[in-house]
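File shown: model_12.txt (compact mmCIF, C-alpha atoms and all ligand atoms).
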```
# COMPACT_ATOMS: atom_id res chain seq x y z
CA MET A 22 0.00 0.00 0.00
CA LYS A 23 1.23 3.50 -0.81
CA ASP A 24 2.32 5.72 2.12
CA PHE A 25 0.20 8.62 1.02
CA LEU A 26 -2.51 9.21 -1.49
CA GLU A 27 -1.82 12.10 -3.80
CA LEU A 28 -5.09 13.87 -4.41
CA VAL A 29 -6.13 16.64 -6.70
CA VAL A 30 -8.95 18.99 -5.74
CA LYS A 31 -11.42 18.79 -8.62
CA GLU A 32 -14.13 21.06 -7.30
CA VAL A 33 -14.98 23.22 -4.30
CA VAL A 34 -18.67 23.49 -3.45
CA PRO A 35 -19.89 25.97 -0.82
CA GLU A 36 -22.30 24.21 1.58
CA THR A 37 -22.99 26.91 4.19
CA ARG A 38 -21.28 30.12 5.25
CA GLU A 39 -18.84 28.04 7.28
CA ALA A 40 -18.52 24.79 5.34
CA LYS A 41 -17.29 23.70 1.94
CA THR A 42 -17.21 20.39 0.14
CA PHE A 43 -13.98 19.39 -1.61
CA VAL A 44 -14.28 16.86 -4.42
CA LEU A 45 -11.05 14.85 -4.58
CA GLU A 46 -9.51 12.50 -7.11
CA ASN A 47 -6.37 10.40 -7.12
CA VAL A 48 -3.75 12.21 -9.18
CA ASP A 49 -2.96 8.96 -11.01
CA GLY A 50 -6.63 8.49 -11.90
CA THR A 51 -7.10 5.30 -9.87
CA SER A 52 -10.30 4.86 -7.88
CA PHE A 53 -10.62 4.91 -4.10
CA ASN A 54 -11.27 1.99 -1.85
CA TYR A 55 -13.24 3.12 1.17
CA GLU A 56 -16.25 2.36 3.30
CA ALA A 57 -19.15 4.65 4.12
CA GLY A 58 -18.40 6.51 7.34
CA GLN A 59 -14.61 6.47 7.00
CA PHE A 60 -12.24 9.43 6.97
CA LEU A 61 -9.11 10.65 5.24
CA THR A 62 -6.22 12.13 7.21
CA LEU A 63 -4.84 15.05 5.24
CA VAL A 64 -1.09 15.57 5.52
CA LEU A 65 -0.51 19.24 4.86
CA ASP A 66 2.47 21.54 4.66
CA TYR A 67 1.44 24.44 6.81
CA ASN A 68 3.87 27.28 7.52
CA GLY A 69 6.80 24.96 6.87
CA HIS A 70 5.43 22.17 9.07
CA GLU A 71 3.61 18.97 8.35
CA VAL A 72 0.16 18.91 9.93
CA ARG A 73 -2.45 16.19 9.82
CA ARG A 74 -6.18 16.58 10.16
CA SER A 75 -8.83 13.96 9.64
CA TYR A 76 -11.95 14.59 7.53
CA SER A 77 -14.79 12.16 7.00
CA MET A 78 -16.09 11.40 3.58
CA GLY A 79 -19.62 12.60 2.89
CA SER A 80 -19.68 10.59 -0.30
CA ALA A 81 -20.69 6.94 -0.28
CA PRO A 82 -18.87 4.25 -2.28
CA GLY A 83 -20.97 2.66 -4.97
CA ILE A 84 -23.43 5.55 -4.81
CA ASP A 85 -21.48 8.74 -5.44
CA ASP A 86 -19.22 8.81 -8.48
CA ARG A 87 -16.83 11.18 -6.83
CA LEU A 88 -15.24 11.15 -3.40
CA TYR A 89 -15.70 14.25 -1.29
CA ILE A 90 -15.01 15.59 2.16
CA THR A 91 -16.76 18.51 3.81
CA VAL A 92 -14.82 20.85 6.06
CA LYS A 93 -16.54 23.14 8.54
CA ARG A 94 -14.72 26.09 10.04
CA LYS A 95 -13.86 25.49 13.65
CA GLU A 96 -13.92 28.67 15.71
CA ASN A 97 -10.27 29.80 15.88
CA GLY A 98 -9.36 26.57 14.08
CA GLU A 99 -6.13 26.96 12.15
CA ILE A 100 -6.33 24.22 9.56
CA SER A 101 -10.06 24.28 8.88
CA ARG A 102 -9.79 28.02 8.20
CA HIS A 103 -6.72 27.47 6.04
CA LEU A 104 -8.48 24.81 3.95
CA LEU A 105 -11.64 26.85 3.55
CA GLU A 106 -9.76 29.99 2.55
CA HIS A 107 -6.98 28.58 0.39
CA LEU A 108 -7.71 25.10 -0.98
CA LYS A 109 -8.83 25.46 -4.60
CA PRO A 110 -9.43 23.35 -7.71
CA GLY A 111 -6.17 22.02 -9.15
CA ASP A 112 -4.36 21.97 -5.79
CA ILE A 113 -2.66 18.72 -4.90
CA ILE A 114 -2.76 17.42 -1.34
CA ARG A 115 -1.48 14.29 0.37
CA ALA A 116 -3.55 12.04 2.59
CA VAL A 117 -3.18 8.86 4.59
CA PRO A 118 -5.47 6.27 2.91
CA PRO A 119 -9.06 6.07 4.21
CA SER A 120 -9.51 4.56 7.65
CA GLY A 121 -11.97 4.56 10.54
CA ARG A 122 -14.45 2.33 12.29
CA PHE A 123 -17.64 4.36 12.10
CA THR A 124 -18.96 2.02 9.46
CA ILE A 125 -22.17 0.11 8.82
CA GLN A 126 -22.63 -3.36 10.24
CA MET A 127 -23.77 -5.12 7.09
CA ASP A 128 -24.53 -8.34 8.97
CA VAL A 129 -27.41 -6.82 10.98
CA PRO A 130 -30.94 -8.11 10.25
CA GLU A 131 -32.85 -6.28 7.54
CA GLU A 132 -35.60 -4.99 9.83
CA ARG A 133 -33.33 -3.01 12.11
CA HIS A 134 -34.09 0.57 12.98
CA PHE A 135 -31.21 3.00 12.68
CA PHE A 136 -31.16 6.24 14.63
CA PHE A 137 -28.62 8.81 13.49
CA LEU A 138 -27.82 11.72 15.77
CA ALA A 139 -25.77 14.46 14.16
CA ALA A 140 -24.81 17.98 15.13
CA GLY A 141 -23.07 20.43 12.77
CA SER A 142 -20.27 18.79 10.77
CA GLY A 143 -21.10 15.50 12.50
CA ILE A 144 -23.52 14.98 9.60
CA VAL A 145 -20.62 14.26 7.19
CA PRO A 146 -19.95 10.56 7.97
CA ILE A 147 -23.62 10.08 8.89
CA PHE A 148 -24.75 11.30 5.47
CA SER A 149 -22.49 8.72 3.86
CA LEU A 150 -23.87 5.98 6.12
CA ILE A 151 -27.50 6.95 5.49
CA LYS A 152 -27.07 6.85 1.71
CA SER A 153 -25.41 3.44 1.90
CA LEU A 154 -28.03 2.01 4.23
CA LEU A 155 -30.96 3.22 2.17
CA LYS A 156 -29.51 1.39 -0.80
CA ALA A 157 -28.14 -1.72 0.91
CA LYS A 158 -30.86 -2.32 3.52
CA PRO A 159 -34.17 -1.29 1.89
CA ARG A 160 -36.28 -2.83 4.67
CA SER A 161 -34.61 -0.93 7.49
CA HIS A 162 -35.96 2.31 8.86
CA ILE A 163 -33.77 5.33 9.41
CA THR A 164 -34.41 8.31 11.66
CA LEU A 165 -32.07 11.28 11.56
CA LEU A 166 -32.02 13.84 14.37
CA TYR A 167 -29.94 16.71 13.06
CA GLN A 168 -29.01 19.61 15.33
CA ASN A 169 -27.97 22.93 13.85
CA HIS A 170 -27.90 26.59 14.80
CA ASP A 171 -30.33 27.82 12.13
CA GLU A 172 -31.62 27.04 8.64
CA THR A 173 -28.52 28.46 6.94
CA THR A 174 -26.07 26.20 8.80
CA ILE A 175 -27.56 22.90 7.66
CA ILE A 176 -24.93 20.99 5.68
CA TYR A 177 -26.34 18.79 2.84
CA HIS A 178 -29.80 20.37 3.32
CA ARG A 179 -30.99 19.86 -0.26
CA GLU A 180 -29.46 16.38 -0.63
CA LEU A 181 -31.20 15.24 2.54
CA GLN A 182 -34.50 16.63 1.25
CA LEU A 183 -34.03 14.60 -1.93
CA LEU A 184 -33.44 11.44 0.11
CA GLU A 185 -36.64 12.14 2.08
CA GLU A 186 -38.55 12.45 -1.18
CA GLN A 187 -36.94 9.34 -2.65
CA TYR A 188 -37.40 7.15 0.46
CA PRO A 189 -40.52 8.55 2.23
CA LYS A 190 -41.28 5.28 4.07
CA GLN A 191 -37.74 4.43 5.17
CA PHE A 192 -36.23 7.78 6.01
CA THR A 193 -37.43 10.30 8.61
CA ARG A 194 -35.47 13.48 9.16
CA ILE A 195 -36.00 15.73 12.15
CA ASP A 196 -34.23 19.08 12.09
CA LEU A 197 -33.51 20.70 15.42
CA LEU A 198 -32.59 24.37 15.23
CA SER A 199 -31.40 26.17 18.33
CA HIS A 200 -31.87 29.65 16.76
CA PRO A 201 -34.29 29.33 13.81
CA LEU A 202 -34.58 32.36 11.55
CA LEU A 203 -38.21 31.63 10.77
CA HIS A 204 -40.22 32.65 13.81
CA GLU A 205 -42.86 29.98 13.26
CA LEU A 206 -40.24 27.26 13.83
CA PRO A 207 -39.62 26.19 17.43
CA ALA A 208 -36.16 26.78 18.93
CA ARG A 209 -34.95 23.31 19.90
CA ARG A 210 -31.64 22.12 21.32
CA LEU A 211 -31.36 18.41 21.90
CA ASN A 212 -31.25 17.61 25.60
CA ASN A 213 -31.94 14.52 27.70
CA GLY A 214 -35.69 15.10 27.86
CA LEU A 215 -36.16 15.89 24.17
CA LEU A 216 -34.00 12.98 23.08
CA GLU A 217 -35.96 10.57 25.26
CA GLN A 218 -39.21 11.96 23.86
CA LEU A 219 -38.10 11.76 20.21
CA VAL A 220 -36.69 8.25 20.54
CA GLY A 221 -39.94 7.20 22.25
CA ILE A 222 -42.01 8.59 19.37
CA HIS A 223 -39.88 7.36 16.49
CA GLU A 224 -38.58 4.02 17.68
CA PRO A 225 -40.66 1.38 15.92
CA ARG A 226 -41.77 -0.60 18.99
CA PRO A 227 -42.68 -3.79 17.08
CA PHE A 228 -38.98 -4.22 16.33
CA THR A 229 -37.86 -3.70 19.92
CA HIS A 230 -38.39 -6.26 22.63
CA LYS A 231 -36.78 -5.23 25.89
CA LYS A 232 -36.29 -8.82 27.01
CA ASP A 233 -34.70 -9.85 23.75
CA LYS A 234 -31.88 -7.90 22.22
CA PRO A 235 -33.33 -4.56 21.14
CA ALA A 236 -32.99 -4.08 17.43
CA THR A 237 -32.38 -0.34 17.25
CA LEU A 238 -28.87 0.94 16.52
CA PHE A 239 -27.71 4.49 17.25
CA TYR A 240 -24.94 6.32 15.39
CA THR A 241 -23.81 9.62 16.87
CA CYS A 242 -21.39 12.30 15.69
CA GLY A 243 -21.10 15.86 16.95
CA PRO A 244 -19.32 18.07 19.46
CA PRO A 245 -18.14 16.39 22.70
CA SER A 246 -20.94 17.79 24.91
CA PHE A 247 -23.58 16.59 22.41
CA MET A 248 -21.97 13.14 22.26
CA ARG A 249 -21.78 12.84 26.05
CA MET A 250 -25.42 13.83 26.48
CA VAL A 251 -26.61 11.38 23.81
CA GLN A 252 -24.59 8.45 25.14
CA PHE A 253 -25.65 9.14 28.71
CA THR A 254 -29.34 9.48 27.86
CA LEU A 255 -29.44 6.36 25.71
CA ARG A 256 -27.71 4.33 28.42
CA VAL A 257 -30.16 5.62 31.03
CA MET A 258 -33.00 4.66 28.66
CA GLY A 259 -31.70 1.10 28.78
CA PHE A 260 -29.92 0.73 25.45
CA ASP A 261 -26.77 -1.40 25.50
CA GLU A 262 -23.26 -0.18 24.73
CA GLU A 263 -23.20 -2.49 21.72
CA GLN A 264 -26.12 -0.60 20.17
CA LEU A 265 -24.30 2.72 20.40
CA PHE A 266 -21.80 3.73 17.69
CA LYS A 267 -19.98 7.01 17.78
CA GLU A 268 -17.39 8.99 15.88
CA HIS A 269 -15.40 11.49 17.91
CA PHE A 270 -14.01 14.37 15.88
CA THR A 271 -11.91 15.37 18.86
CA ILE A 272 -11.46 12.51 21.36
CA PRO A 273 -11.63 9.02 19.89
CA VAL A 274 -12.46 6.14 22.18
CA LEU A 275 -10.74 2.85 21.39
CA PRO A 276 -11.19 -0.64 22.79
CA PRO A 277 -8.61 -1.76 25.37
CA PRO A 278 -5.41 -3.17 23.86
CA ALA A 279 -5.20 -6.90 23.26
CA LEU A 280 -1.48 -7.51 22.82
CA VAL A 281 0.69 -10.38 23.97
CA ILE A 282 3.28 -8.59 26.08
CA ASP A 283 5.18 -9.73 29.17
CA PRO A 284 3.76 -7.60 32.03
CA GLN A 285 7.15 -7.31 33.80
CA PRO A 286 8.27 -3.64 34.17
CA LYS A 287 10.36 -2.26 31.28
CA LYS A 288 12.72 0.71 31.48
CA VAL A 289 11.94 3.71 29.25
CA GLN A 290 14.68 6.27 28.62
CA LEU A 291 13.19 9.25 26.93
CA HIS A 292 14.73 12.38 25.45
CA TYR A 293 12.30 15.29 25.16
CA ASN A 294 12.77 19.04 24.90
CA GLY A 295 16.45 18.85 25.86
CA LYS A 296 15.70 16.77 28.97
CA GLU A 297 16.32 13.10 29.78
CA TYR A 298 13.65 11.10 31.59
CA GLU A 299 13.81 7.55 32.88
CA TYR A 300 10.83 5.56 34.17
CA ASN A 301 9.33 2.08 34.28
CA VAL A 302 6.25 0.95 32.43
CA SER A 303 4.34 -2.34 32.65
CA TYR A 304 1.76 -3.66 30.21
CA PRO A 305 -1.14 -2.79 29.96
CA THR A 306 -0.13 0.79 30.80
CA SER A 307 0.86 2.72 27.66
CA ILE A 308 4.18 4.56 27.35
CA LEU A 309 2.31 7.88 27.41
CA GLN A 310 0.10 7.05 30.38
CA ALA A 311 3.03 5.86 32.51
CA ALA A 312 4.76 9.22 31.88
CA LEU A 313 1.62 11.25 32.62
CA ASP A 314 1.11 9.28 35.86
CA LEU A 315 4.58 10.51 36.90
CA ASN A 316 3.70 14.10 35.89
CA ILE A 317 6.02 13.97 32.88
CA GLU A 318 4.16 16.28 30.52
CA LEU A 319 4.44 14.56 27.15
CA PRO A 320 2.42 15.87 24.18
CA TYR A 321 -0.80 14.11 23.25
CA SER A 322 -4.23 14.88 21.85
CA CYS A 323 -6.63 12.10 20.89
CA LYS A 324 -4.95 9.37 22.99
CA GLY A 325 -6.39 6.96 20.47
CA GLY A 326 -3.85 6.40 17.73
CA ARG A 327 -5.55 8.72 15.28
CA CYS A 328 -3.85 12.09 15.41
CA ALA A 329 -0.08 11.50 15.78
CA THR A 330 0.37 14.25 18.39
CA CYS A 331 2.19 11.75 20.62
CA THR A 332 4.64 10.53 17.96
CA ALA A 333 8.11 9.44 19.15
CA ARG A 334 11.09 7.81 17.48
CA CYS A 335 12.13 4.44 18.87
CA ILE A 336 15.94 4.51 18.96
CA SER A 337 16.25 1.06 20.53
CA GLY A 338 13.92 -1.66 21.80
CA GLU A 339 10.52 -2.88 20.63
CA VAL A 340 7.20 -1.06 20.87
CA LYS A 341 3.92 -2.80 20.09
CA MET A 342 0.97 -0.62 19.10
CA SER A 343 -2.63 -1.57 19.77
CA ASN A 344 -3.90 0.81 17.08
CA ASN A 345 -2.43 3.03 14.38
CA GLU A 346 -4.56 5.03 12.01
CA VAL A 347 -2.15 7.80 11.19
CA LEU A 348 1.48 6.68 10.74
CA THR A 349 2.42 5.41 7.30
CA GLU A 350 4.60 2.41 6.44
CA LYS A 351 7.45 4.82 5.78
CA ASP A 352 6.97 6.45 9.19
CA LEU A 353 7.12 3.00 10.78
CA GLU A 354 10.27 2.15 8.85
CA LYS A 355 11.82 5.30 10.31
CA GLY A 356 11.04 3.96 13.78
CA LEU A 357 8.17 6.33 14.56
CA ILE A 358 5.63 5.10 17.11
CA LEU A 359 2.57 6.49 18.90
CA THR A 360 3.13 6.66 22.65
CA CYS A 361 -0.59 6.79 23.46
CA VAL A 362 -1.22 3.34 21.98
CA GLY A 363 2.37 2.09 22.28
CA PHE A 364 3.38 -0.61 24.79
CA ALA A 365 6.95 -1.53 25.74
CA ALA A 366 7.79 -5.11 24.76
CA THR A 367 11.43 -4.55 25.86
CA ASP A 368 13.47 -1.78 27.51
CA LEU A 369 13.26 1.30 25.29
CA ARG A 370 15.12 4.39 24.25
CA LEU A 371 12.79 7.00 22.76
CA GLU A 372 13.13 10.48 21.35
CA LEU A 373 10.30 13.00 21.11
CA GLY A 374 10.00 16.26 19.22
CA SER A 375 11.44 17.50 15.87
CA LEU A 376 10.87 14.12 14.20
C1 LIG A 401 -12.06 10.86 12.62
C2 LIG A 401 -12.27 12.33 12.43
C3 LIG A 401 -13.10 12.79 11.42
C4 LIG A 401 -13.32 14.16 11.26
N1 LIG A 401 -14.15 14.59 10.25
C5 LIG A 401 -14.38 15.91 10.09
C6 LIG A 401 -15.27 16.37 9.03
O1 LIG A 401 -15.84 15.59 8.29
N2 LIG A 401 -15.46 17.70 8.91
C7 LIG A 401 -14.84 18.61 9.73
O2 LIG A 401 -15.05 19.82 9.54
N3 LIG A 401 -14.01 18.19 10.72
C8 LIG A 401 -13.76 16.87 10.91
N4 LIG A 401 -12.90 16.45 11.91
C9 LIG A 401 -12.21 17.45 12.73
C10 LIG A 401 -10.92 17.91 12.01
O3 LIG A 401 -10.00 16.83 11.96
C11 LIG A 401 -10.21 19.05 12.75
O4 LIG A 401 -10.03 18.68 14.10
C12 LIG A 401 -11.01 20.33 12.64
O5 LIG A 401 -11.09 20.76 11.29
C13 LIG A 401 -10.36 21.42 13.48
O6 LIG A 401 -9.05 21.58 13.05
P1 LIG A 401 -8.39 23.02 13.11
O7 LIG A 401 -6.95 22.88 12.85
O8 LIG A 401 -9.14 24.01 12.33
O9 LIG A 401 -8.65 23.44 14.61
P2 LIG A 401 -7.57 23.64 15.74
O10 LIG A 401 -8.29 24.04 16.98
O11 LIG A 401 -6.48 24.54 15.25
O12 LIG A 401 -7.08 22.19 15.87
C14 LIG A 401 -7.86 21.25 16.55
C15 LIG A 401 -7.04 20.62 17.66
O13 LIG A 401 -7.26 19.22 17.56
C16 LIG A 401 -6.03 18.52 17.50
N5 LIG A 401 -6.09 17.71 16.30
C17 LIG A 401 -7.19 17.41 15.64
N6 LIG A 401 -6.89 16.59 14.64
C18 LIG A 401 -5.59 16.39 14.67
C19 LIG A 401 -4.71 15.64 13.88
N7 LIG A 401 -5.14 14.87 12.87
N8 LIG A 401 -3.40 15.66 14.17
C20 LIG A 401 -2.97 16.39 15.21
N9 LIG A 401 -3.76 17.10 15.99
C21 LIG A 401 -5.07 17.10 15.73
C22 LIG A 401 -4.91 19.51 17.50
O14 LIG A 401 -4.19 19.30 18.68
C23 LIG A 401 -5.56 20.87 17.54
O15 LIG A 401 -5.15 21.57 18.66
C24 LIG A 401 -12.67 15.09 12.10
C25 LIG A 401 -11.82 14.62 13.11
C26 LIG A 401 -11.62 13.27 13.28
C27 LIG A 401 -10.69 12.79 14.37
S1 LIG A 402 -2.45 11.23 20.96
FE1 LIG A 402 -3.33 11.04 19.00
S2 LIG A 402 -2.24 9.36 18.11
FE2 LIG A 402 -1.53 9.51 20.14
```
Mind converting the file's structure to structure tokens?
Amino acid sequence: MKDFLELVVKEVVPETREAKTFVLENVDGTSFNYEAGQFLTLVLDYNGHEVRRSYSMGSAPGIDDRLYITVKRKENGEISRHLLEHLKPGDIIRAVPPSGRFTIQMDVPEERHFFFLAAGSGIVPIFSLIKSLLKAKPRSHITLLYQNHDETTIIYHRELQLLEEQYPKQFTRIDLLSHPLLHELPARRLNNGLLEQLVGIHEPRPFTHKKDKPATLFYTCGPPSFMRMVQFTLRVMGFDEEQLFKEHFTIPVLPPPALVIDPQPKKVQLHYNGKEYEYNVSYPTSILQAALDLNIELPYSCKGGRCATCTARCISGEVKMSNNEVLTEKDLEKGLILTCVGFAATDLRLELGSL
């Protein structure tokens, strides 16, 4: 597999005042292999530095001819603003090949009910999933609860309307606007009570038997506070963890590592910011967590193997990673590892910074 995809921007489509869709193609003309709900990690040269940001694909394989991502401006966000202001047709960008786990379970029974809960740019992977489901699972029912500020901030507004018209029996869309411009529309922000009420109204009871495994599946993507509220409410309502799927744009949650590593303590010698540190780490504590527990302030962000903020170079020893969605084969050949999902299989010598 190639280290990076080389992509050309074919078209830029304004979605809202704060969001644009970028249609991308492989420079060499080859097609993409991806699943609905996955994301690309862009590898950008920004002010002389390499930066990586992940963006979900709003397009759906087998449905949309062209692959696209949709970027929404994050308040004071450096890279989102940069992309929205400067990325134009003809530009060439690099990306780590598509990855991600926010995908459709194709083995679920046909009659399942899918609830999608999106806020703002959280609609991007959800839009891809909805399109795929409507085509692949025609007997399933889909309800979308979509939170936005007002009518003008709704990404994919027209495309969603078209899906409603095309699939009136299978697809129900409920827009929630916290500050609607039209006065006749109610101002609604999803909270515990409203979510409980809407799920109660729209969940097709015949498919759900509390004693048996409930059939409804929930897919959530939005800002952290929205995600927390949704997960909490659904758990309180009695839905199982295995019915709840989520994509974190900021803090990914990964399953616990399942590596075969001797749990005896290993010595980590670490060079960072001109200082030498030495500490012990035992599996299943990660290299990063052991340092943080000792108040050694190492850099990190997602703590989930997706953002590369915690990257280190392994000078000697062996590191096993439980997950890696951002480093390329070439990075690995250079000895780069992710400390947040990295576990010491032997004593280690690591170097952080200016890699
Ligand atoms: C799986 C996934 C899918 C996403 N899909 C979308 C999408 O479809 N549309 C959309 O608008 N946004 C999406 N995002 C968010 C996007 O990656 C950026 O976080 C967002 O655009 C803000 O970046 P910024 O530089 O403008 O903001 P800033 O505030 O400047 O940066 C955000 C902060 O997050 C951290 N960070 C986020 N991503 C990375 C990374 N890859 N590497 C290193 N640090 C990182 C940085 O520490 C930074 O401080 C997604 C994020 C993830 C993890
Ligand atoms: S902190 Fe994001 S990959 Fe480690």
Discussion item. List the spatial neighbours of range 167-177 of chain A as a PyMOL selection string - criterion: any atom at most 10 Å away, only C-alpha atoms, same-chain residues fewer than 4 positions off excluded.
Written reply: chain A and resi 35-42+79+91+93+137-145+148+181-183+194-203+208-211+242-243+247
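Of note, CA of Glu185 in chain A and CA of Gly121 in chain A are spaced 27.2 Å apart.
In this comparison, which uses all atoms listed in the file, the residue of A:Leu315, A:Leu61, A:Ala81, A:Leu371 approaching ligand LIG 401 (chain A) most closely is A:Leu61.
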Practice prompt. Could you please extract the residues within 9 Å of ligand LIG 401 (chain A), counting all atoms listed in the file, and hand them back as an MDAnalysis selection string?
Written response: chainID A and resid 40:41 59:64 72:79 90:104 120:123 141:146 268:273 321:323 327:331 347
Same residues, C-alpha atoms, output as a tab-separated table (two decimals), keeping the file's coordinate frame:
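Resulting contents of part-v2.tsv:
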```
chain	number	residue	atom	x	y	z
A	40	ALA	CA	-18.52	24.79	5.34
A	41	LYS	CA	-17.29	23.70	1.94
A	59	GLN	CA	-14.61	6.47	7.00
A	60	PHE	CA	-12.24	9.43	6.97
A	61	LEU	CA	-9.11	10.65	5.24
A	62	THR	CA	-6.22	12.13	7.21
A	63	LEU	CA	-4.84	15.05	5.24
A	64	VAL	CA	-1.09	15.57	5.52
A	72	VAL	CA	0.16	18.91	9.93
A	73	ARG	CA	-2.45	16.19	9.82
A	74	ARG	CA	-6.18	16.58	10.16
A	75	SER	CA	-8.83	13.96	9.64
A	76	TYR	CA	-11.95	14.59	7.53
A	77	SER	CA	-14.79	12.16	7.00
A	78	MET	CA	-16.09	11.40	3.58
A	79	GLY	CA	-19.62	12.60	2.89
A	90	ILE	CA	-15.01	15.59	2.16
A	91	THR	CA	-16.76	18.51	3.81
A	92	VAL	CA	-14.82	20.85	6.06
A	93	LYS	CA	-16.54	23.14	8.54
A	94	ARG	CA	-14.72	26.09	10.04
A	95	LYS	CA	-13.86	25.49	13.65
A	96	GLU	CA	-13.92	28.67	15.71
A	97	ASN	CA	-10.27	29.80	15.88
A	98	GLY	CA	-9.36	26.57	14.08
A	99	GLU	CA	-6.13	26.96	12.15
A	100	ILE	CA	-6.33	24.22	9.56
A	101	SER	CA	-10.06	24.28	8.88
A	102	ARG	CA	-9.79	28.02	8.20
A	103	HIS	CA	-6.72	27.47	6.04
A	104	LEU	CA	-8.48	24.81	3.95
A	120	SER	CA	-9.51	4.56	7.65
A	121	GLY	CA	-11.97	4.56	10.54
A	122	ARG	CA	-14.45	2.33	12.29
A	123	PHE	CA	-17.64	4.36	12.10
A	141	GLY	CA	-23.07	20.43	12.77
A	142	SER	CA	-20.27	18.79	10.77
A	143	GLY	CA	-21.10	15.50	12.50
A	144	ILE	CA	-23.52	14.98	9.60
A	145	VAL	CA	-20.62	14.26	7.19
A	146	PRO	CA	-19.95	10.56	7.97
A	268	GLU	CA	-17.39	8.99	15.88
A	269	HIS	CA	-15.40	11.49	17.91
A	270	PHE	CA	-14.01	14.37	15.88
A	271	THR	CA	-11.91	15.37	18.86
A	272	ILE	CA	-11.46	12.51	21.36
A	273	PRO	CA	-11.63	9.02	19.89
A	321	TYR	CA	-0.80	14.11	23.25
A	322	SER	CA	-4.23	14.88	21.85
A	323	CYS	CA	-6.63	12.10	20.89
A	327	ARG	CA	-5.55	8.72	15.28
A	328	CYS	CA	-3.85	12.09	15.41
A	329	ALA	CA	-0.08	11.50	15.78
A	330	THR	CA	0.37	14.25	18.39
A	331	CYS	CA	2.19	11.75	20.62
A	347	VAL	CA	-2.15	7.80	11.19
```
Worksheet item: Mind pulling up the distance from CA of Asp314 in chain A to CA of Ser337 in chain A?
Response: 23.1 Å
Worksheet item: Which residue out of A:His70, A:His107, A:Lys152, A:Lys267 has the minimum interatomic distance to Asp85 in chain A when all atoms listed in the file are used?
Response: A:Lys152
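CA of Pro119 in chain A lies 11.9 Å from CA of Pro82 in chain A.
Remark: for ligand LIG 402 (chain A), the closest of the candidate residues A:Asp112, A:Lys324, A:Val34, A:Leu155 is A:Lys324 (distances computed over all atoms listed in the file).
Proximity to ligand LIG 402 (chain A) was assessed for A:Val48, A:Ala333, A:Leu353, A:Val340 counting only C-alpha atoms and all ligand atoms; the smallest distance is recorded for A:Ala333.
The nearest approach to Ile336 in chain A among the residues A:Met258, A:Met248, A:Ile358, A:Leu348, with only C-alpha atoms taken into account, belongs to A:Ile358.
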Discussion item. Using all atoms listed in the file, can you tell me which of A:Asp86, A:Glu224, A:Asp66, A:Glu106 comes closest to His134 in chain A?
Written reply: A:Glu224
Worksheet item: Could you pull the residues within 7 Å of range 260-265 of chain A, counting all atoms listed in the file, minus those fewer than 2 positions along the same chain, as a PyMOL selection string?
Response: chain A and resi 237-240+255-256+258+267
Do you know which residues are at most 7 Å from Ile163 in chain A counting all atoms listed in the file, after dropping those on the same chain fewer than 4 positions away, and could you put them as a tab-separated table (two decimals) with C-alpha atoms, in the coordinates of the input?
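Done, and the output landed in result_27.tsv:
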```
chain	number	residue	atom	x	y	z
A	134	HIS	CA	-34.09	0.57	12.98
A	135	PHE	CA	-31.21	3.00	12.68
A	136	PHE	CA	-31.16	6.24	14.63
A	191	GLN	CA	-37.74	4.43	5.17
A	192	PHE	CA	-36.23	7.78	6.01
A	193	THR	CA	-37.43	10.30	8.61
```
